[in-house]
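Colleague: Contents of protein.pdb (PDB, C-alpha atoms) are below:
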ATOM      1  CA  MET A   1       8.884  -9.488  -4.242
ATOM      2  CA  VAL A   2       5.908  -8.417  -6.313
ATOM      3  CA  LYS A   3       7.320  -8.135  -9.792
ATOM      4  CA  GLN A   4       4.206  -8.227 -11.961
ATOM      5  CA  ILE A   5       1.292  -5.953 -11.187
ATOM      6  CA  SER A   6      -1.557  -6.037 -13.652
ATOM      7  CA  SER A   7      -3.239  -2.861 -14.886
ATOM      8  CA  SER A   8      -6.538  -4.105 -13.466
ATOM      9  CA  LEU A   9      -5.048  -4.320  -9.942
ATOM     10  CA  THR A  10      -3.724  -0.743 -10.210
ATOM     11  CA  ALA A  11      -7.126   0.392 -11.532
ATOM     12  CA  ALA A  12      -8.963  -1.465  -8.728
ATOM     13  CA  VAL A  13      -6.829   0.169  -6.001
ATOM     14  CA  MET A  14      -7.285   3.608  -7.611
ATOM     15  CA  LEU A  15     -11.041   3.020  -7.834
ATOM     16  CA  LEU A  16     -11.080   2.140  -4.127
ATOM     17  CA  VAL A  17      -9.301   5.450  -3.396
ATOM     18  CA  VAL A  18     -11.891   7.352  -5.464
ATOM     19  CA  ILE A  19     -14.805   5.602  -3.687
ATOM     20  CA  LEU A  20     -13.355   6.291  -0.223
ATOM     21  CA  GLY A  21     -12.502   9.886  -1.202
ATOM     22  CA  ALA A  22     -16.016  10.489  -2.571
ATOM     23  CA  TRP A  23     -17.497   9.118   0.640
ATOM     24  CA  MET A  24     -15.281  11.450   2.706
ATOM     25  CA  SER A  25     -16.246  14.409   0.460
ATOM     26  CA  TYR A  26     -19.905  13.618   1.174
ATOM     27  CA  LEU A  27     -19.282  13.428   4.944
ATOM     28  CA  GLU A  28     -16.895  16.408   5.145
ATOM     29  CA  PRO A  29     -17.606  18.685   2.153
ATOM     30  CA  GLU A  30     -15.561  21.524   3.691
ATOM     31  CA  LYS A  31     -12.381  19.477   3.016
ATOM     32  CA  ALA A  32     -13.439  18.458  -0.501
ATOM     33  CA  LEU A  33     -10.263  19.901  -2.060
ATOM     34  CA  VAL A  34      -8.044  17.697   0.127
ATOM     35  CA  TRP A  35     -10.056  14.583  -0.699
ATOM     36  CA  ALA A  36     -10.098  15.461  -4.407
ATOM     37  CA  LEU A  37      -6.318  15.859  -4.401
ATOM     38  CA  GLY A  38      -5.910  12.430  -2.822
ATOM     39  CA  MET A  39      -8.477  10.896  -5.158
ATOM     40  CA  PHE A  40      -7.235  12.195  -8.491
ATOM     41  CA  MET A  41      -3.488  12.871  -8.160
ATOM     42  CA  LEU A  42      -2.350   9.302  -8.856
ATOM     43  CA  PRO A  43      -4.987   8.441 -11.496
ATOM     44  CA  ALA A  44      -3.903  11.676 -13.244
ATOM     45  CA  ALA A  45      -0.280  10.495 -13.152
ATOM     46  CA  TRP A  46      -1.336   7.156 -14.643
ATOM     47  CA  VAL A  47      -3.366   8.851 -17.395
ATOM     48  CA  ALA A  48      -0.383  11.126 -18.118
ATOM     49  CA  LEU A  49       1.873   8.073 -18.436
ATOM     50  CA  TRP A  50      -0.623   6.458 -20.829
ATOM     51  CA  LEU A  51      -0.863   9.690 -22.890
ATOM     52  CA  PHE A  52       2.928  10.047 -23.054
ATOM     53  CA  LYS A  53       3.112   6.469 -24.291
ATOM     54  CA  ARG A  54       0.451   7.138 -26.943
ATOM     55  CA  VAL A  55       2.227  10.184 -28.340
ATOM     56  CA  GLY A  56       5.606   8.460 -28.188
ATOM     57  CA  VAL A  57       7.294  10.665 -25.550
ATOM     58  CA  THR A  58       8.209   7.586 -23.494
ATOM     59  CA  ARG A  59       9.152   5.402 -26.466
ATOM     60  CA  SER A  60      12.538   4.619 -24.948
ATOM     61  CA  MET A  61      10.910   3.396 -21.725
ATOM     62  CA  SER A  62      11.398  -0.325 -21.228
ATOM     63  CA  GLN A  63       8.697  -2.688 -19.991
ATOM     64  CA  SER A  64      10.475  -3.017 -16.654
ATOM     65  CA  ASP A  65      10.520   0.802 -16.269
ATOM     66  CA  GLU A  66       6.809   0.869 -16.930
ATOM     67  CA  MET A  67       6.240  -1.930 -14.424
ATOM     68  CA  ARG A  68       8.299  -0.023 -11.849
ATOM     69  CA  ILE A  69       6.140   3.095 -12.314
ATOM     70  CA  ARG A  70       2.950   1.038 -12.116
ATOM     71  CA  ARG A  71       4.198  -0.658  -8.955
ATOM     72  CA  ALA A  72       4.981   2.732  -7.395
ATOM     73  CA  LEU A  73       1.554   4.089  -8.370
ATOM     74  CA  THR A  74      -0.170   1.004  -6.918
ATOM     75  CA  GLY A  75       1.843   1.235  -3.700
ATOM     76  CA  ALA A  76       1.105   4.952  -3.292
ATOM     77  CA  SER A  77      -2.603   4.323  -4.042
ATOM     78  CA  LEU A  78      -2.681   1.589  -1.394
ATOM     79  CA  PHE A  79      -1.180   4.023   1.114
ATOM     80  CA  ILE A  80      -3.787   6.694   0.276
ATOM     81  CA  ALA A  81      -6.547   4.057   0.448
ATOM     82  CA  ALA A  82      -5.338   3.010   3.916
ATOM     83  CA  THR A  83      -5.247   6.656   5.060
ATOM     84  CA  PHE A  84      -8.735   7.372   3.689
ATOM     85  CA  GLY A  85      -9.986   4.108   5.212
ATOM     86  CA  VAL A  86      -8.703   5.055   8.672
ATOM     87  CA  ILE A  87     -10.096   8.628   8.484
ATOM     88  CA  LEU A  88     -13.461   7.317   7.237
ATOM     89  CA  SER A  89     -13.581   4.714  10.020
ATOM     90  CA  GLU A  90     -12.876   7.459  12.560
ATOM     91  CA  THR A  91     -15.544   9.750  11.071
ATOM     92  CA  LEU A  92     -18.115   6.940  11.116
ATOM     93  CA  HIS A  93     -17.035   6.085  14.709
ATOM     94  CA  VAL A  94     -16.116   2.523  13.715
ATOM     95  CA  ILE A  95     -12.765   3.064  15.466
ATOM     96  CA  ASP A  96     -11.765   5.728  17.997
ATOM     97  CA  ASP A  97      -9.112   8.395  17.378
ATOM     98  CA  THR A  98      -6.494   6.500  19.403
ATOM     99  CA  THR A  99      -6.877   3.349  17.320
ATOM    100  CA  GLY A 100      -6.799   5.458  14.150
ATOM    101  CA  GLU A 101      -3.503   7.045  15.196
ATOM    102  CA  ARG A 102      -2.048   3.638  16.038
ATOM    103  CA  VAL A 103      -3.121   2.155  12.691
ATOM    104  CA  MET A 104      -1.602   5.091  10.790
ATOM    105  CA  GLY A 105       1.654   4.693  12.738
ATOM    106  CA  VAL A 106       1.808   1.013  11.836
ATOM    107  CA  VAL A 107       0.988   1.776   8.175
ATOM    108  CA  LEU A 108       3.776   4.393   8.018
ATOM    109  CA  GLY A 109       6.199   1.922   9.597
ATOM    110  CA  ALA A 110       5.159  -0.700   7.036
ATOM    111  CA  VAL A 111       5.768   1.773   4.190
ATOM    112  CA  LEU A 112       9.274   2.394   5.527
ATOM    113  CA  VAL A 113       9.899  -1.367   5.740
ATOM    114  CA  VAL A 114       8.730  -1.923   2.136
ATOM    115  CA  VAL A 115      10.811   0.977   0.770
ATOM    116  CA  GLY A 116      13.867  -0.091   2.791
ATOM    117  CA  ASN A 117      13.478  -3.685   1.652
ATOM    118  CA  TYR A 118      13.689  -2.738  -2.032
ATOM    119  CA  LEU A 119      16.378  -0.078  -1.637
ATOM    120  CA  PRO A 120      19.376  -2.436  -2.120
ATOM    121  CA  LYS A 121      17.727  -3.888  -5.232
ATOM    122  CA  ALA A 122      17.600  -0.541  -7.006
ATOM    123  CA  LEU A 123      20.781  -0.409  -9.051
ATOM    124  CA  GLU A 124      22.515   2.933  -8.833
ATOM    125  CA  PRO A 125      24.352   4.647 -11.666
ATOM    126  CA  GLN A 126      28.109   4.338 -11.364
ATOM    127  CA  TRP A 127      28.776   7.572  -9.487
ATOM    128  CA  CYS A 128      31.314   5.878  -7.223
ATOM    129  CA  GLU A 129      33.178   2.601  -6.766
ATOM    130  CA  PRO A 130      30.531  -0.141  -7.265
ATOM    131  CA  SER A 131      31.454  -2.035  -4.093
ATOM    132  CA  LYS A 132      30.979   1.097  -1.978
ATOM    133  CA  VAL A 133      27.646   1.988  -3.610
ATOM    134  CA  GLN A 134      26.510  -1.598  -3.039
ATOM    135  CA  SER A 135      27.563  -1.419   0.603
ATOM    136  CA  LEU A 136      25.750   1.922   1.074
ATOM    137  CA  GLN A 137      22.559   0.523  -0.476
ATOM    138  CA  ARG A 138      22.686  -2.501   1.802
ATOM    139  CA  PHE A 139      23.275  -0.322   4.851
ATOM    140  CA  ALA A 140      20.432   2.036   3.883
ATOM    141  CA  GLY A 141      18.064  -0.883   3.249
ATOM    142  CA  TRP A 142      18.721  -2.567   6.587
ATOM    143  CA  THR A 143      18.627   0.747   8.468
ATOM    144  CA  PHE A 144      15.218   1.731   7.036
ATOM    145  CA  VAL A 145      13.740  -1.749   7.488
ATOM    146  CA  LEU A 146      14.800  -1.864  11.145
ATOM    147  CA  ALA A 147      13.679   1.754  11.712
ATOM    148  CA  GLY A 148      10.305   0.966  10.075
ATOM    149  CA  LEU A 149       9.797  -2.147  12.192
ATOM    150  CA  THR A 150      10.691  -0.229  15.370
ATOM    151  CA  TYR A 151       8.431   2.680  14.344
ATOM    152  CA  ALA A 152       5.481   0.320  13.807
ATOM    153  CA  LEU A 153       6.201  -1.535  17.050
ATOM    154  CA  VAL A 154       6.359   1.711  19.046
ATOM    155  CA  TRP A 155       2.962   2.780  17.637
ATOM    156  CA  LEU A 156       1.567  -0.640  18.567
ATOM    157  CA  ILE A 157       2.729  -0.888  22.174
ATOM    158  CA  VAL A 158       3.638   2.563  23.550
ATOM    159  CA  PRO A 159       0.822   4.822  24.880
ATOM    160  CA  VAL A 160      -0.392   7.023  21.991
ATOM    161  CA  ASP A 161       0.464  10.329  23.704
ATOM    162  CA  ARG A 162       4.127   9.256  23.913
ATOM    163  CA  ALA A 163       4.404   7.165  20.720
ATOM    164  CA  ASP A 164       5.068  10.112  18.402
ATOM    165  CA  VAL A 165       7.818  11.496  20.676
ATOM    166  CA  ILE A 166       9.579   8.115  20.696
ATOM    167  CA  ALA A 167       8.913   6.938  17.121
ATOM    168  CA  THR A 168       9.800  10.068  15.126
ATOM    169  CA  PRO A 169      13.406  10.383  16.429
ATOM    170  CA  ILE A 170      13.989   6.727  15.458
ATOM    171  CA  VAL A 171      13.179   7.456  11.802
ATOM    172  CA  ALA A 172      15.069  10.763  11.943
ATOM    173  CA  ALA A 173      18.140   8.978  13.346
ATOM    174  CA  ALA A 174      17.931   6.376  10.548
ATOM    175  CA  ALA A 175      17.745   9.118   7.902
ATOM    176  CA  VAL A 176      20.690  10.993   9.477
ATOM    177  CA  LEU A 177      22.764   7.776   9.613
ATOM    178  CA  VAL A 178      22.129   6.989   5.937
ATOM    179  CA  ALA A 179      22.650  10.604   4.831
ATOM    180  CA  GLY A 180      25.862  10.780   6.879
ATOM    181  CA  ARG A 181      27.256   7.648   5.301
ATOM    182  CA  MET A 182      26.294   8.911   1.843
ATOM    183  CA  VAL A 183      28.026  12.260   2.426
ATOM    184  CA  TRP A 184      31.126  10.445   3.703
ATOM    185  CA  LEU A 185      31.102   8.243   0.604
ATOM    186  CA  LEU A 186      30.760  11.271  -1.680
ATOM    187  CA  ALA A 187      33.616  13.025   0.100
ATOM    188  CA  THR A 188      35.974  10.058  -0.166
ATOM    189  CA  ARG A 189      34.929   8.658  -3.532
ATOM    190  CA  LYS A 190      37.164   7.832  -6.435
ATOM    191  CA  ARG A 191      35.380   8.662  -9.677
ATOM    192  CA  VAL A 192      34.662   5.684 -11.925
ATOM    193  CA  HIS A 193      35.557   6.217 -15.554
ATOM    194  CA  PRO A 194      34.037   4.077 -18.310
ATOM    195  CA  PRO A 195      36.460   1.641 -19.970
ATOM    196  CA  ALA A 196      38.439   3.076 -22.896
ATOM    197  CA  GLY A 197      36.738   2.773 -26.266
ATOM    198  CA  LEU A 198      33.207   2.856 -24.855
TER
ATOM    199  CA  MET B 199       9.379 -16.389  -4.184
ATOM    200  CA  SER B 200       9.876 -20.084  -5.026
ATOM    201  CA  LYS B 201      12.577 -19.043  -7.499
ATOM    202  CA  VAL B 202      14.396 -17.240  -4.684
ATOM    203  CA  PHE B 203      14.184 -20.301  -2.417
ATOM    204  CA  LYS B 204      15.394 -22.521  -5.236
ATOM    205  CA  ALA B 205      18.316 -20.170  -5.912
ATOM    206  CA  LEU B 206      19.275 -20.028  -2.234
ATOM    207  CA  SER B 207      18.985 -23.768  -1.709
ATOM    208  CA  ASP B 208      22.297 -24.525  -3.413
ATOM    209  CA  PRO B 209      25.588 -23.959  -1.507
ATOM    210  CA  THR B 210      27.489 -22.946  -4.664
ATOM    211  CA  ARG B 211      24.920 -20.297  -5.525
ATOM    212  CA  ARG B 212      24.950 -19.084  -1.928
ATOM    213  CA  HIS B 213      28.728 -18.812  -2.100
ATOM    214  CA  VAL B 214      28.442 -16.814  -5.350
ATOM    215  CA  LEU B 215      26.098 -14.382  -3.578
ATOM    216  CA  GLU B 216      28.476 -14.167  -0.609
ATOM    217  CA  LEU B 217      31.303 -13.210  -2.965
ATOM    218  CA  LEU B 218      29.163 -10.681  -4.796
ATOM    219  CA  ARG B 219      28.138  -9.117  -1.491
ATOM    220  CA  LYS B 220      31.699  -7.813  -1.209
ATOM    221  CA  ARG B 221      31.944  -6.346  -4.724
ATOM    222  CA  PRO B 222      30.748  -6.871  -8.300
ATOM    223  CA  MET B 223      32.825  -9.571 -10.039
ATOM    224  CA  THR B 224      33.286 -10.878 -13.552
ATOM    225  CA  ALA B 225      32.128 -14.361 -14.565
ATOM    226  CA  GLY B 226      35.789 -15.415 -14.852
ATOM    227  CA  GLU B 227      36.692 -14.157 -11.368
ATOM    228  CA  LEU B 228      33.726 -15.988  -9.894
ATOM    229  CA  SER B 229      34.411 -19.229 -11.772
ATOM    230  CA  GLU B 230      38.006 -19.260 -10.460
ATOM    231  CA  GLN B 231      36.637 -19.599  -6.934
ATOM    232  CA  PHE B 232      34.862 -22.884  -7.678
ATOM    233  CA  ASP B 233      35.984 -26.305  -8.723
ATOM    234  CA  VAL B 234      33.212 -26.770 -11.266
ATOM    235  CA  SER B 235      32.979 -26.556 -15.043
ATOM    236  CA  LYS B 236      32.093 -23.303 -16.815
ATOM    237  CA  PRO B 237      28.737 -24.614 -18.125
ATOM    238  CA  THR B 238      27.779 -25.578 -14.563
ATOM    239  CA  MET B 239      28.709 -22.094 -13.346
ATOM    240  CA  SER B 240      26.701 -20.557 -16.190
ATOM    241  CA  ALA B 241      23.712 -22.629 -15.105
ATOM    242  CA  HIS B 242      24.115 -21.347 -11.543
ATOM    243  CA  PHE B 243      24.331 -17.749 -12.805
ATOM    244  CA  ALA B 244      21.192 -18.326 -14.872
ATOM    245  CA  VAL B 245      19.259 -19.548 -11.809
ATOM    246  CA  LEU B 246      20.394 -16.515  -9.808
ATOM    247  CA  ARG B 247      19.475 -14.166 -12.663
ATOM    248  CA  GLU B 248      16.094 -15.850 -13.050
ATOM    249  CA  ALA B 249      15.411 -15.236  -9.345
ATOM    250  CA  ASP B 250      16.450 -11.574  -9.831
ATOM    251  CA  LEU B 251      19.180 -11.918  -7.204
ATOM    252  CA  ILE B 252      22.008 -10.815  -9.501
ATOM    253  CA  GLU B 253      22.311  -8.603 -12.555
ATOM    254  CA  ALA B 254      24.680  -9.183 -15.452
ATOM    255  CA  GLU B 255      26.360  -6.366 -17.333
ATOM    256  CA  LYS B 256      28.101  -7.163 -20.592
ATOM    257  CA  ASN B 257      31.184  -5.149 -21.447
ATOM    258  CA  GLY B 258      32.703  -6.440 -24.670
ATOM    259  CA  ARG B 259      33.400 -10.104 -23.939
ATOM    260  CA  THR B 260      33.361  -9.685 -20.183
ATOM    261  CA  ILE B 261      30.244 -10.240 -18.092
ATOM    262  CA  THR B 262      30.213  -8.491 -14.735
ATOM    263  CA  TYR B 263      27.780  -9.730 -12.110
ATOM    264  CA  ARG B 264      26.341  -7.449  -9.477
ATOM    265  CA  ILE B 265      24.269  -8.483  -6.474
ATOM    266  CA  LYS B 266      20.597  -7.437  -6.337
ATOM    267  CA  LEU B 267      19.321  -8.626  -2.948
ATOM    268  CA  SER B 268      16.420  -7.009  -1.144
ATOM    269  CA  VAL B 269      16.748  -6.855   2.652
ATOM    270  CA  LEU B 270      14.419  -9.852   2.987
ATOM    271  CA  GLU B 271      16.458 -11.862   0.460
ATOM    272  CA  ASP B 272      19.644 -10.803   2.249
ATOM    273  CA  ALA B 273      18.225 -12.079   5.534
ATOM    274  CA  LEU B 274      17.126 -15.316   3.837
ATOM    275  CA  LEU B 275      20.636 -15.792   2.455
ATOM    276  CA  SER B 276      22.159 -15.385   5.929
ATOM    277  CA  PHE B 277      19.539 -17.754   7.350
ATOM    278  CA  ALA B 278      20.162 -20.336   4.623
ATOM    279  CA  LYS B 279      23.914 -20.030   5.141
ATOM    280  CA  ALA B 280      23.603 -20.456   8.896
ATOM    281  CA  PHE B 281      21.325 -23.466   8.753
ATOM    282  CA  GLY B 282      22.431 -24.962   5.419
ATOM    283  CA  LEU B 283      18.903 -24.994   4.068
ATOM    284  CA  GLU B 284      18.145 -27.159   1.092
ATOM    285  CA  VAL B 285      14.824 -27.156  -0.640
ATOM    286  CA  LYS B 286      13.193 -30.590  -0.435
ATOM    287  CA  ALA B 287      12.497 -30.672  -4.159
ATOM    288  CA  GLU B 288      16.121 -29.977  -4.962
ATOM    289  CA  ARG B 289      17.292 -32.759  -2.622
ATOM    290  CA  ARG B 290      14.783 -35.152  -4.131
ATOM    291  CA  GLU B 291      15.997 -34.239  -7.619
ATOM    292  CA  ARG B 292      19.607 -34.845  -6.607
ATOM    293  CA  SER B 293      18.875 -38.233  -5.040
ATOM    294  CA  ARG B 294      16.901 -39.188  -8.164
ATOM    295  CA  LYS B 295      19.955 -38.366 -10.300
ATOM    296  CA  ARG B 296      22.155 -40.478  -8.037
ATOM    297  CA  HIS B 297      19.964 -43.587  -8.447
TER
END
For this file, produce the structure as structure tokens.
Modeller:
Amino acid sequence: MVKQISSSLTAAVMLLVVILGAWMSYLEPEKALVWALGMFMLPAAWVALWLFKRVGVTRSMSQSDEMRIRRALTGASLFIAATFGVILSETLHVIDDTTGERVMGVVLGAVLVVVGNYLPKALEPQWCEPSKVQSLQRFAGWTFVLAGLTYALVWLIVPVDRADVIATPIVAAAAVLVAGRMVWLLATRKRVHPPAGL
Amino acid sequence: MSKVFKALSDPTRRHVLELLRKRPMTAGELSEQFDVSKPTMSAHFAVLREADLIEAEKNGRTITYRIKLSVLEDALLSFAKAFGLEVKAERRERSRKRH
């Protein structure tokens, strides 16, 4: 339920990514391109957004749209920071590979939970009867939240060599369920026409 | 988050959300379901909008409300419905009005 994210928070998270990425580049220079991509992709997107705003390309963008983009950039930066943090900890032998894999599994599960949680809140364009779209969004949200929680739990408690085999089909099944329901809805939809005179 | 708790603490507002869970409804359709005045209903809608739990769409003179619950808020609504939760502050406010 984070609605307001300040620019300084986004900048701080991106700075953390750059610091961690620079550290990894120093420790593993042969993978510098990978680290650089992780370090600069999102800051570049943010700079592009700022430039578009300056030249007026995104003049029609509302404040809430801008906040949504900033929230997405901050969330993605946090995910990259977590990934870099785990890899760095493994490289510095602060944690072993098994713990690293477990932490990444839990982080991925958490990402799925966060995305699933907000899914029903994202209002869809009227491509179908509103009640059915609403029902699909609710179904998708709950499915991804439960799949994310199960995914994280599996990575926490199941032996690492078997966790991937058990956890991945859970997420795949959730995606198939949601996609299946969406296809069924598209196949049986009644098109919604705007009211006359509008 | 406190706005969400405040919005979910009232049975009328919870009932509005329950109705909107089924399908988007106009302000008139929703008001018909309750034995309260229109200004009171408007106040309830305002609290729900403030908490970002519903979205209003104006079409001419008709306002259509659509539910906007995250999964967590959805679970909280079911929890509040099951246990009839009321925020302490709200109860205190009501008892103050009574006296």
Colleague: For each of B:Leu251, B:Ala278, B:Val214, B:Leu228, take the minimum atom-to-atom distance to Met199 in chain B, counting all atoms listed in the file, then give the residue where this is smallest.
Modeller: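 With all atoms listed in the file as the atom set, the closest residue is B:Leu251.
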Colleague: Could you tell me which residues the PyMOL selection byres ((chain A and resi 73) around 9) returns for this structure, as number ranges by chain?
Modeller: A: 10, 14, 42-43, 45-46, 68-72, 74-78
Colleague: Which polymer residues have any atom within 10 Å of an atom of Gly85 in chain A, counting all atoms listed in the file, with same-chain residues fewer than 3 positions away left out, as a list in words?
Modeller: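 My reading of the contact set: Leu16, Val17, Leu20, Gly21, Met24, Phe79, Ile80, Ala81, Ala82, Leu88, Ser89, Glu90, Thr91 and Gly100 of chain A.
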Colleague: Spell out the residues picked by the PyMOL selection byres ((chain A) within 7 of (chain B)) here, as a list in words.
Modeller: Met1, Asn117, Tyr118, Leu119, Pro120, Lys121, Pro130, Ser131, Gly141 and Trp142 of chain A
Colleague: Would you mind telling me which residue in B:Lys201, B:Lys236, B:Lys256, B:Arg247 lies nearest to Thr224 in chain B when using only C-alpha atoms?
Modeller: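 Closest to Thr224 in chain B, using only C-alpha atoms: B:Lys256.
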Colleague: Mind pulling up the distance from CA of Ala225 in chain B to CA of Ile261 in chain B?
Modeller: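 Computed distance, CA of Ile261 in chain B to CA of Ala225 in chain B, equals 5.7 Å.
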Colleague: Just how far from CA of Arg138 in chain A is CA of Leu185 in chain A, in Å to one decimal?
Modeller: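 That distance, rounded to one decimal, is 13.7 Å.
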Colleague: Mind telling me what the PyMOL selection byres ((chain A and resi 169-172) around 12) catches here, as JSON, numbers by chain?
Modeller: {"A": [105, 108, 109, 112, 113, 116, 143, 144, 145, 146, 147, 148, 149, 150, 151, 152, 153, 154, 155, 162, 163, 164, 165, 166, 167, 168, 173, 174, 175, 176, 177, 178, 179, 180]}
Colleague: Expressed in Å to a single decimal, how great is the separation between CA of Leu275 in chain B and CA of Leu215 in chain B?
Modeller: 8.3 Å
Colleague: Save range 140-159 of chain A to disk from that block, N, CA and C atoms included, as a short mmCIF file (atom, residue, chain, number, x, y, z; two decimals), in the first residue's frame.
Modeller:
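Written out: out-v2.cif:
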data_model
loop_
_atom_site.label_atom_id
_atom_site.label_comp_id
_atom_site.auth_asym_id
_atom_site.auth_seq_id
_atom_site.Cartn_x
_atom_site.Cartn_y
_atom_site.Cartn_z
N ALA A 140 -6.72 -13.64 -10.60
CA ALA A 140 -5.29 -13.59 -10.93
C ALA A 140 -4.49 -13.14 -9.71
N GLY A 141 -5.00 -12.12 -9.01
CA GLY A 141 -4.30 -11.60 -7.83
C GLY A 141 -4.12 -12.67 -6.77
N TRP A 142 -5.22 -13.32 -6.42
CA TRP A 142 -5.16 -14.37 -5.37
C TRP A 142 -4.27 -15.53 -5.81
N THR A 143 -4.39 -15.91 -7.10
CA THR A 143 -3.60 -17.05 -7.59
C THR A 143 -2.10 -16.74 -7.47
N PHE A 144 -1.69 -15.53 -7.92
CA PHE A 144 -0.26 -15.20 -7.87
C PHE A 144 0.24 -15.01 -6.44
N VAL A 145 -0.60 -14.44 -5.58
CA VAL A 145 -0.18 -14.27 -4.18
C VAL A 145 0.04 -15.63 -3.53
N LEU A 146 -0.91 -16.54 -3.73
CA LEU A 146 -0.78 -17.88 -3.12
C LEU A 146 0.40 -18.64 -3.73
N ALA A 147 0.57 -18.51 -5.07
CA ALA A 147 1.69 -19.19 -5.74
C ALA A 147 3.02 -18.61 -5.22
N GLY A 148 3.08 -17.29 -5.05
CA GLY A 148 4.30 -16.65 -4.55
C GLY A 148 4.63 -17.09 -3.14
N LEU A 149 3.61 -17.16 -2.30
CA LEU A 149 3.83 -17.59 -0.90
C LEU A 149 4.33 -19.04 -0.87
N THR A 150 3.70 -19.89 -1.70
CA THR A 150 4.10 -21.30 -1.74
C THR A 150 5.52 -21.43 -2.27
N TYR A 151 5.82 -20.64 -3.33
CA TYR A 151 7.16 -20.66 -3.94
C TYR A 151 8.22 -20.31 -2.88
N ALA A 152 7.95 -19.22 -2.15
CA ALA A 152 8.91 -18.79 -1.11
C ALA A 152 9.05 -19.85 -0.01
N LEU A 153 7.91 -20.41 0.37
CA LEU A 153 7.92 -21.43 1.44
C LEU A 153 8.70 -22.67 1.02
N VAL A 154 8.50 -23.07 -0.24
CA VAL A 154 9.23 -24.26 -0.75
C VAL A 154 10.73 -23.99 -0.68
N TRP A 155 11.16 -22.79 -1.13
CA TRP A 155 12.60 -22.46 -1.11
C TRP A 155 13.13 -22.36 0.31
N LEU A 156 12.25 -22.10 1.27
CA LEU A 156 12.68 -22.00 2.67
C LEU A 156 12.86 -23.37 3.32
N ILE A 157 11.93 -24.30 3.01
CA ILE A 157 11.93 -25.55 3.80
C ILE A 157 12.38 -26.81 3.06
N VAL A 158 12.22 -26.82 1.73
CA VAL A 158 12.57 -28.04 0.97
C VAL A 158 14.08 -28.05 0.69
N PRO A 159 14.73 -29.23 0.69
CA PRO A 159 16.16 -29.27 0.36
C PRO A 159 16.43 -28.57 -0.99
#
